[in-house]
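Visitor: Enclosed is the structure file model20.cif (mmCIF, C-alpha atoms).
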```
data_start
#
loop_
_atom_site.label_atom_id
_atom_site.label_comp_id
_atom_site.auth_asym_id
_atom_site.auth_seq_id
_atom_site.Cartn_x
_atom_site.Cartn_y
_atom_site.Cartn_z
CA PHE A 1 0.00 0.00 0.00
CA SER A 2 1.33 3.46 -0.87
CA LYS A 3 0.66 6.37 1.32
CA GLU A 4 -0.53 9.58 -0.33
CA ARG A 5 1.90 12.41 0.23
CA VAL A 6 0.55 15.75 1.40
CA MET A 7 1.91 18.50 -0.83
CA VAL A 8 2.68 21.98 0.50
CA GLU A 9 3.63 25.13 -1.36
CA VAL A 10 7.35 25.87 -1.11
CA TYR A 11 7.68 28.62 -3.72
CA ARG A 12 5.45 30.83 -5.82
CA ASP A 13 6.26 32.35 -9.21
CA PRO A 14 3.67 34.69 -10.72
CA LEU A 15 2.53 34.47 -14.31
CA PHE A 16 2.13 37.79 -16.04
CA LYS A 17 -0.20 39.01 -18.73
CA ARG A 18 1.96 41.14 -20.97
CA TYR A 19 0.81 43.90 -23.32
CA MET A 20 3.28 44.33 -26.17
CA ALA A 21 3.58 47.18 -28.67
CA PRO A 22 6.20 48.43 -31.11
CA ARG A 23 8.46 51.33 -30.20
CA PHE A 24 7.07 54.77 -31.00
CA SER A 25 3.57 53.36 -31.26
CA LEU A 26 0.68 55.07 -29.51
CA ALA A 27 0.80 52.55 -26.65
CA TRP A 28 4.58 53.03 -26.25
CA VAL A 29 4.23 56.83 -26.23
CA PHE A 30 1.43 56.58 -23.65
CA LYS A 31 3.62 54.48 -21.34
CA VAL A 32 6.56 56.90 -21.62
CA LEU A 33 4.34 59.89 -20.89
CA ALA A 34 2.74 58.06 -17.96
CA TRP A 35 6.13 57.39 -16.36
CA VAL A 36 7.23 60.97 -16.95
CA LEU A 37 4.08 62.05 -15.12
CA ILE A 38 4.76 59.55 -12.31
CA LEU A 39 8.28 60.90 -11.80
CA VAL A 40 7.67 64.63 -12.32
CA LEU A 41 4.24 65.18 -10.75
CA PRO A 42 5.36 64.21 -7.18
CA PHE A 43 8.12 66.82 -7.38
CA LEU A 44 5.67 69.49 -8.51
CA LEU A 45 3.15 68.59 -5.82
CA ALA A 46 5.81 68.69 -3.10
CA PHE A 47 7.17 71.97 -4.43
CA TRP A 48 3.74 73.60 -4.67
CA SER A 49 2.99 72.62 -1.07
CA HIS A 50 5.66 75.17 0.01
CA SER A 51 7.24 72.65 2.37
CA MET A 52 9.68 70.78 0.16
CA TRP A 53 12.76 72.93 0.69
CA LYS A 54 13.25 73.38 4.40
CA LYS A 55 14.50 76.90 5.11
CA LEU A 56 14.07 76.97 8.89
CA GLU A 57 14.38 74.34 11.57
CA THR A 58 13.77 74.43 15.31
CA ILE A 59 15.48 72.32 17.94
CA ARG A 60 14.81 72.29 21.66
CA GLU A 61 17.91 72.62 23.79
CA GLN A 62 19.05 73.82 27.18
CA PRO A 63 21.97 76.23 26.68
CA ARG A 64 25.13 75.63 28.68
CA VAL A 65 25.48 78.86 30.66
CA SER A 66 28.11 79.74 33.24
CA PHE A 67 29.02 82.99 34.99
CA LYS A 68 32.33 84.45 33.80
CA ARG A 69 32.95 86.24 37.10
CA SER A 70 32.81 89.52 35.18
CA MET A 71 30.37 92.22 36.20
CA ILE A 72 29.78 95.96 36.56
CA VAL A 73 27.38 97.18 39.22
CA SER A 74 26.06 100.58 40.27
CA PHE A 75 24.14 101.43 43.45
CA GLU A 76 22.46 104.82 43.32
CA THR A 77 21.90 106.60 46.60
CA ALA A 78 19.79 109.60 47.55
CA THR A 79 22.60 111.83 46.30
CA PRO A 80 22.05 112.39 42.56
CA GLY A 81 25.02 111.71 40.30
CA SER A 82 27.11 109.95 42.93
CA PRO A 83 26.38 106.22 42.69
CA LEU A 84 28.48 103.60 44.44
CA LEU A 85 30.38 101.66 41.77
CA TRP A 86 32.28 98.43 41.53
CA SER A 87 33.52 95.99 38.89
CA SER A 88 35.27 92.65 38.94
CA ILE A 89 37.16 93.70 35.78
CA PRO A 90 40.40 95.42 36.91
CA GLU A 91 40.66 97.65 33.82
CA VAL A 92 37.10 98.89 34.35
CA LEU A 93 37.67 99.38 38.08
CA ASP A 94 40.69 101.59 37.36
CA MET A 95 38.50 103.90 35.27
CA MET A 96 35.97 104.47 38.03
CA PRO A 97 36.23 107.52 40.29
CA ALA A 98 38.01 106.42 43.45
CA THR A 99 35.56 108.31 45.67
CA GLN A 100 32.66 106.29 44.30
CA VAL A 101 34.22 102.83 44.38
CA ARG A 102 32.87 100.55 47.11
CA GLN A 103 34.07 96.97 47.52
CA PRO A 104 31.15 94.54 48.05
CA VAL A 105 31.12 90.90 49.05
CA VAL A 106 30.23 88.85 45.97
CA LYS A 107 29.13 85.23 45.88
CA ALA A 108 28.27 83.29 42.73
CA TRP A 109 27.37 79.65 42.35
CA ASP A 110 25.66 77.32 39.93
CA GLU A 111 23.27 74.41 40.45
CA ASP A 112 22.79 71.33 38.28
CA GLY A 113 19.60 69.88 39.71
CA ASN A 114 19.29 66.84 37.42
CA VAL A 115 23.05 66.17 37.29
CA ASP A 116 23.25 66.18 33.48
CA GLY A 117 26.28 68.44 33.23
CA VAL A 118 24.24 71.54 32.31
CA ASN A 119 23.57 74.29 34.84
CA ASP A 120 19.89 74.68 35.69
CA ASP A 121 20.15 77.59 38.14
CA LEU A 122 22.56 80.52 38.37
CA HIS A 123 22.91 82.48 41.60
CA LEU A 124 24.57 85.83 42.21
CA SER A 125 24.65 87.57 45.59
CA ILE A 126 26.15 91.01 46.26
CA SER A 127 26.40 92.44 49.76
CA LEU A 128 27.35 96.15 49.79
CA PRO A 129 28.45 97.75 53.09
CA LEU A 130 26.79 101.12 53.71
CA LYS A 131 27.93 104.11 55.68
CA SER A 132 25.73 105.95 58.09
CA GLY A 133 22.98 107.80 56.26
CA GLU A 134 23.46 106.06 52.90
CA GLN A 135 20.31 104.75 51.24
CA ILE A 136 19.99 102.64 48.11
CA HIS A 137 17.22 103.54 45.65
CA ARG A 138 18.40 102.04 42.34
CA VAL A 139 20.53 99.09 41.28
CA SER A 140 22.04 98.64 37.81
CA LEU A 141 23.96 95.48 36.98
CA ALA A 142 25.73 94.15 33.88
CA ALA A 143 26.83 90.55 34.39
CA PHE A 144 28.61 88.54 31.70
CA TYR A 145 28.02 84.86 31.00
CA SER A 146 29.51 82.22 28.76
CA VAL A 147 26.92 80.45 26.56
CA GLU A 148 27.28 77.30 24.45
CA LEU A 149 24.89 75.38 22.19
CA HIS A 150 25.68 71.83 21.08
CA GLU A 151 22.53 69.92 20.08
CA GLY A 152 21.80 71.68 16.76
CA PRO A 153 23.87 74.64 15.62
CA ARG A 154 27.11 74.95 17.57
CA VAL A 155 27.41 78.35 19.20
CA THR A 156 29.98 79.79 21.60
CA MET A 157 29.28 83.31 22.78
CA GLU A 158 29.47 85.85 25.58
CA GLY A 159 26.12 87.13 26.76
CA MET A 160 25.28 90.08 28.98
CA VAL A 161 22.51 90.11 31.54
CA TYR A 162 21.40 93.65 32.31
CA VAL A 163 19.21 94.35 35.31
CA GLN A 164 18.02 97.76 36.46
CA GLU A 165 15.49 98.21 39.26
CA ALA A 166 14.48 101.28 41.24
CA SER A 167 12.54 101.99 44.42
CA PRO A 168 11.26 105.34 45.72
CA LEU A 169 11.82 104.16 49.29
CA PRO A 170 15.18 103.36 50.90
CA SER A 171 15.66 99.61 50.76
CA SER A 172 17.73 96.95 52.43
CA ARG A 173 17.41 94.17 49.88
CA LEU A 174 16.56 93.49 46.24
CA ASP A 175 15.69 90.00 45.00
CA VAL A 176 15.47 89.30 41.27
CA GLU A 177 14.06 86.07 39.84
CA GLY A 178 13.70 85.14 36.20
CA HIS A 179 14.37 82.80 33.29
CA LEU A 180 17.57 83.31 31.36
CA LEU A 181 16.73 82.93 27.66
CA PHE A 182 18.88 82.72 24.56
CA HIS A 183 17.52 85.33 22.15
CA GLN A 184 18.26 85.46 18.42
CA THR A 185 17.28 88.14 15.94
CA ASN A 186 17.79 85.86 12.93
CA PRO A 187 18.16 82.06 12.67
CA ILE A 188 21.64 80.66 13.11
CA GLY A 189 23.48 78.86 10.34
CA ALA A 190 24.24 75.21 11.05
CA THR A 191 27.30 74.80 8.84
CA ALA A 192 30.06 75.72 11.31
CA ILE A 193 30.75 76.67 14.91
CA ARG A 194 29.46 80.20 15.43
CA THR A 195 31.85 82.38 17.42
CA VAL A 196 31.02 85.83 16.02
CA CYS A 197 29.42 86.86 19.34
CA ASN A 198 32.18 85.42 21.49
CA THR A 199 34.15 88.66 21.62
CA PRO A 200 33.90 90.44 25.00
CA LEU A 201 31.51 93.36 25.19
CA VAL A 202 34.03 95.02 27.49
CA ASP A 203 37.21 95.09 25.42
CA THR A 204 39.89 95.79 28.01
CA THR A 205 42.38 96.72 25.28
CA SER A 206 40.26 99.63 24.03
CA ILE A 207 39.05 101.34 27.21
CA PHE A 208 40.12 104.97 26.93
CA SER A 209 37.56 106.75 29.09
CA ILE A 210 34.72 106.18 31.50
CA ALA A 211 32.31 106.59 28.55
CA ASP A 212 33.54 103.27 27.11
CA ILE A 213 32.21 101.35 30.10
CA ARG A 214 28.95 103.15 30.79
CA PHE A 215 25.79 101.08 30.65
CA PRO A 216 24.35 102.88 27.55
CA THR A 217 27.56 102.05 25.64
CA LEU A 218 27.40 98.37 26.64
CA LEU A 219 23.70 98.17 25.81
CA ALA A 220 24.30 99.67 22.36
CA LYS A 221 27.04 97.10 21.66
CA ASN A 222 24.84 94.28 22.87
CA ALA A 223 21.83 95.42 20.80
CA VAL A 224 23.62 95.01 17.45
CA ARG A 225 24.40 91.36 18.14
CA ASN A 226 22.24 88.64 16.66
CA ASP A 227 22.63 86.33 19.66
CA THR A 228 21.96 87.80 23.11
CA LEU A 229 20.64 86.89 26.54
CA ARG A 230 17.38 88.07 28.04
CA VAL A 231 15.74 87.64 31.42
CA GLU A 232 12.08 86.85 30.68
CA PRO A 233 9.97 86.89 32.71
CA LYS A 234 11.70 88.96 35.38
CA TYR A 235 10.37 89.47 38.90
CA ALA A 236 11.86 91.95 41.37
CA HIS A 237 11.07 92.46 45.03
CA TRP A 238 12.35 95.30 47.22
CA ALA A 239 12.58 95.08 51.00
CA ALA A 240 12.35 98.47 52.69
CA GLY A 241 14.82 99.46 55.39
CA THR A 242 18.11 101.18 56.16
CA PRO A 243 20.52 98.42 57.22
CA ASP A 244 24.30 98.39 57.46
CA ASP A 245 24.56 96.27 54.30
CA PHE A 246 22.46 96.31 51.15
CA VAL A 247 21.93 92.84 49.70
CA PHE A 248 21.25 92.12 46.04
CA ASN A 249 20.29 88.55 45.09
CA MET A 250 19.69 87.31 41.56
CA HIS A 251 18.45 83.82 40.76
CA LEU A 252 18.27 82.86 37.07
CA ARG A 253 16.78 79.62 35.82
CA VAL A 254 18.00 78.19 32.50
CA PRO A 255 15.09 76.32 30.83
CA HIS A 256 14.99 74.27 27.65
CA GLN A 257 14.31 76.61 24.73
CA ASN A 258 13.47 76.53 21.02
CA ILE A 259 16.55 77.38 18.98
CA GLN A 260 15.97 78.31 15.33
CA TYR A 261 18.60 77.60 12.70
CA VAL A 262 19.02 77.33 8.94
CA PRO A 263 19.56 73.64 8.04
CA ASP A 264 22.55 72.65 5.92
CA TRP A 265 22.25 71.15 2.44
CA SER A 266 22.25 67.51 3.60
CA GLU A 267 19.33 68.06 5.99
CA THR A 268 17.47 70.04 3.31
CA ILE A 269 17.94 67.30 0.68
CA LYS A 270 16.93 64.56 3.12
CA PHE A 271 13.72 66.35 4.04
CA ALA A 272 12.93 67.10 0.37
CA TRP A 273 13.50 63.43 -0.53
CA VAL A 274 11.00 62.33 2.13
CA GLN A 275 8.44 64.80 0.77
CA TYR A 276 9.02 63.54 -2.78
CA LEU A 277 8.61 59.87 -1.78
CA ALA A 278 5.36 60.63 0.04
CA MET A 279 3.91 62.27 -3.09
CA PHE A 280 5.40 59.58 -5.35
CA ALA A 281 3.56 56.79 -3.53
CA PHE A 282 0.29 58.68 -3.92
CA VAL A 283 0.79 59.43 -7.64
CA TYR A 284 2.13 55.94 -8.43
CA PHE A 285 -0.92 54.24 -6.90
CA PHE A 286 -3.45 56.15 -9.00
CA ALA A 287 -1.26 56.11 -12.12
CA GLN A 288 -1.12 52.30 -11.99
CA ILE A 289 -4.92 52.18 -11.82
CA GLY A 290 -5.17 54.42 -14.87
CA MET A 291 -2.57 52.48 -16.86
CA ARG A 292 -4.24 49.17 -16.01
CA PHE A 293 -7.56 50.50 -17.27
CA VAL A 294 -6.10 51.85 -20.53
CA PHE A 295 -4.27 48.63 -21.44
CA LYS A 296 -6.86 46.10 -20.24
CA GLU A 297 -9.67 47.87 -22.10
CA GLN A 298 -7.45 48.14 -25.18
CA ILE A 299 -7.92 51.90 -25.47
CA VAL A 300 -4.55 51.80 -27.18
CA ASP A 301 -3.70 48.85 -29.44
CA THR A 302 -1.41 46.22 -27.88
CA HIS A 303 -0.61 42.56 -28.44
CA VAL A 304 -1.45 40.47 -25.36
CA THR A 305 0.65 37.47 -24.30
CA ARG A 306 0.47 35.33 -21.22
CA ASP A 307 3.32 33.63 -19.40
CA GLY A 308 3.03 29.87 -19.71
CA ASP A 309 1.31 29.87 -23.09
CA PRO A 310 3.01 27.55 -25.62
CA ALA A 311 5.35 29.38 -27.89
CA LYS A 312 4.08 29.87 -31.42
CA LYS A 313 6.13 28.36 -34.17
CA LEU A 314 7.16 30.49 -37.06
CA HIS A 315 6.40 28.83 -40.45
CA GLN A 316 8.43 29.79 -43.43
CA PHE A 317 7.14 29.25 -46.96
#
```
Show how you would write the structure in this file as structure tokens.
Guide:
Amino acid sequence: FSKERVMVEVYRDPLFKRYMAPRFSLAWVFKVLAWVLILVLPFLLAFWSHSMWKKLETIREQPRVSFKRSMIVSFETATPGSPLLWSSIPEVLDMMPATQVRQPVVKAWDEDGNVDGVNDDLHLSISLPLKSGEQIHRVSLAAFYSVELHEGPRVTMEGMVYVQEASPLPSSRLDVEGHLLFHQTNPIGATAIRTVCNTPLVDTTSIFSIADIRFPTLLAKNAVRNDTLRVEPKYAHWAAGTPDDFVFNMHLRVPHQNIQYVPDWSETIKFAWVQYLAMFAFVYFFAQIGMRFVFKEQIVDTHVTRDGDPAKKLHQF
């Protein structure tokens, strides 16, 4: 007795129905035009959608910010035109009137709350000893920070934080809280490391007079830069009183921010290619339906052959 073997499929080879036509015939021209449409129409659709060529990209990053231990501070008293001045920059300190210079106690420290190597909080504390009868009504501060970006465009720069607060009443303390933000006038190029704003705002080699270090001069230099620092939002609180020491505290938080940049050619081409492929799949699907209809209904003349049909012999007479 023979046992019947159970057969299973191990390989599949499709048989095609082929539509043949001579070169330069109407059917051949239709096929060429159809493929031209399949290849060109996706490009046109992607281009007309105004999103094919990426001109601007945004990346979310937390800037690496650290205090450079450079600052200029002014404490205005009830005596107009005679503020108490101090700077951690020796060249700037030498330019200040000796009668107005007052040495404070300065403390600065950083905090990395999530231990990722990037500072999350920046603290600055200034304690200014006061003489009998001195009262503080206004504080102006220019503090300089080092800023770096690494995730998208690579930027190394010096940024200035300017704070000015005033109180009509004599005060013993000023607390400033805010978010330290990287501000850009125009998007940054992503092709190379950007260091154009890394030059110091206080150029110690070109200080010739007190006018070179005044706050309006520094603000004007900072305003022309594309990349700057801003404290937004900023909250200030004055504590009234006439103590022996005036205390200024500033706490800046460095959040994750949206950084805009101009993508390089490789990123632009990659994005455009994705847009083209998305449109190509759409056009190809409907074009195949149209071509199948035209050839199956013999709207253009073709010769139909099927795979597996016996070959026809040619008879010569």
Visitor: Distance cut-off 10 Å, centre (33.2, 84.0, 20.6) in file coordinates, counting all atoms listed in the file: which residues qualify? Return them as a PDB file with C-alpha atoms, keeping the file's coordinate frame.
Guide:
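And here is the file that came out, result19.pdb:
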```pdb
ATOM      1  CA  SER A 146      29.510  82.220  28.760  1.00  0.00           C
ATOM      2  CA  VAL A 147      26.920  80.450  26.560  1.00  0.00           C
ATOM      3  CA  GLU A 148      27.280  77.300  24.450  1.00  0.00           C
ATOM      4  CA  VAL A 155      27.410  78.350  19.200  1.00  0.00           C
ATOM      5  CA  THR A 156      29.980  79.790  21.600  1.00  0.00           C
ATOM      6  CA  MET A 157      29.280  83.310  22.780  1.00  0.00           C
ATOM      7  CA  GLU A 158      29.470  85.850  25.580  1.00  0.00           C
ATOM      8  CA  GLY A 159      26.120  87.130  26.760  1.00  0.00           C
ATOM      9  CA  ILE A 193      30.750  76.670  14.910  1.00  0.00           C
ATOM     10  CA  ARG A 194      29.460  80.200  15.430  1.00  0.00           C
ATOM     11  CA  THR A 195      31.850  82.380  17.420  1.00  0.00           C
ATOM     12  CA  VAL A 196      31.020  85.830  16.020  1.00  0.00           C
ATOM     13  CA  CYS A 197      29.420  86.860  19.340  1.00  0.00           C
ATOM     14  CA  ASN A 198      32.180  85.420  21.490  1.00  0.00           C
ATOM     15  CA  THR A 199      34.150  88.660  21.620  1.00  0.00           C
ATOM     16  CA  PRO A 200      33.900  90.440  25.000  1.00  0.00           C
TER      17      PRO A 200
END
```
Visitor: Might you spell out which residues the PyMOL selection byres ((chain A and resi 272-281) around 10) would select in the displayed file, as a compact mmCIF listing (two decimals) with C-alpha atoms, in the frame of the given file?
Guide:
```txt
# COMPACT_ATOMS: atom_id res chain seq x y z
CA ILE A 38 4.76 59.55 -12.31
CA LEU A 39 8.28 60.90 -11.80
CA VAL A 40 7.67 64.63 -12.32
CA LEU A 41 4.24 65.18 -10.75
CA PRO A 42 5.36 64.21 -7.18
CA PHE A 43 8.12 66.82 -7.38
CA LEU A 44 5.67 69.49 -8.51
CA LEU A 45 3.15 68.59 -5.82
CA ALA A 46 5.81 68.69 -3.10
CA PHE A 47 7.17 71.97 -4.43
CA SER A 49 2.99 72.62 -1.07
CA SER A 51 7.24 72.65 2.37
CA MET A 52 9.68 70.78 0.16
CA TRP A 53 12.76 72.93 0.69
CA LYS A 54 13.25 73.38 4.40
CA SER A 266 22.25 67.51 3.60
CA GLU A 267 19.33 68.06 5.99
CA THR A 268 17.47 70.04 3.31
CA ILE A 269 17.94 67.30 0.68
CA LYS A 270 16.93 64.56 3.12
CA PHE A 271 13.72 66.35 4.04
CA PHE A 282 0.29 58.68 -3.92
CA VAL A 283 0.79 59.43 -7.64
CA TYR A 284 2.13 55.94 -8.43
CA PHE A 285 -0.92 54.24 -6.90
CA PHE A 286 -3.45 56.15 -9.00
CA ALA A 287 -1.26 56.11 -12.12
```
Visitor: Of the candidates A:Phe246, A:Val92, A:Lys221, A:Ser66, which one gets nearest to Asp112 (chain A) if we count only C-alpha atoms?
Guide: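 Counting only C-alpha atoms, the residue closest to Asp112 (chain A) is A:Ser66.
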Visitor: Need to verify the contact set: Val202 (chain A), 9 Å, only C-alpha atoms, exclusion of same-chain residues closer than 6 positions in sequence. Can you return it as a PDB file with C-alpha atoms, in the coordinates of the input?
Guide:
```pdb
ATOM      1  CA  ILE A  89      37.160  93.700  35.780  1.00  0.00           C
ATOM      2  CA  VAL A  92      37.100  98.890  34.350  1.00  0.00           C
ATOM      3  CA  ASP A 212      33.540 103.270  27.110  1.00  0.00           C
ATOM      4  CA  ILE A 213      32.210 101.350  30.100  1.00  0.00           C
ATOM      5  CA  LEU A 218      27.400  98.370  26.640  1.00  0.00           C
TER       6      LEU A 218
END
```
Visitor: Counting all atoms listed in the file, what is within 10 Å of His256 (chain A), bar same-chain residues fewer than 3 positions away, as a PyMOL selection string?
Guide: chain A and resi 59-63+120+181-182+253+259
Visitor: Excluding same-chain residues fewer than 5 positions from Lys31 (chain A), what lies within 9 Å of it counting all atoms listed in the file, as a list in words?
Guide: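 Once the adjacent positions are removed, what remains is Leu26, Val36 and Met291 of chain A.
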Visitor: Could you check how far CA of Arg69 (chain A) sits from CA of Arg154 (chain A), in Å to one decimal?
Guide: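 Interatomic distance, CA of Arg69 (chain A) to CA of Arg154 (chain A): 23.3 Å.
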Visitor: Could you jot down the CA of Glu151 (chain A) to CA of Asn226 (chain A) separation for me, Å, one decimal place?
Guide: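 Pair CA of Glu151 (chain A) / CA of Asn226 (chain A) returns 19.0 Å.
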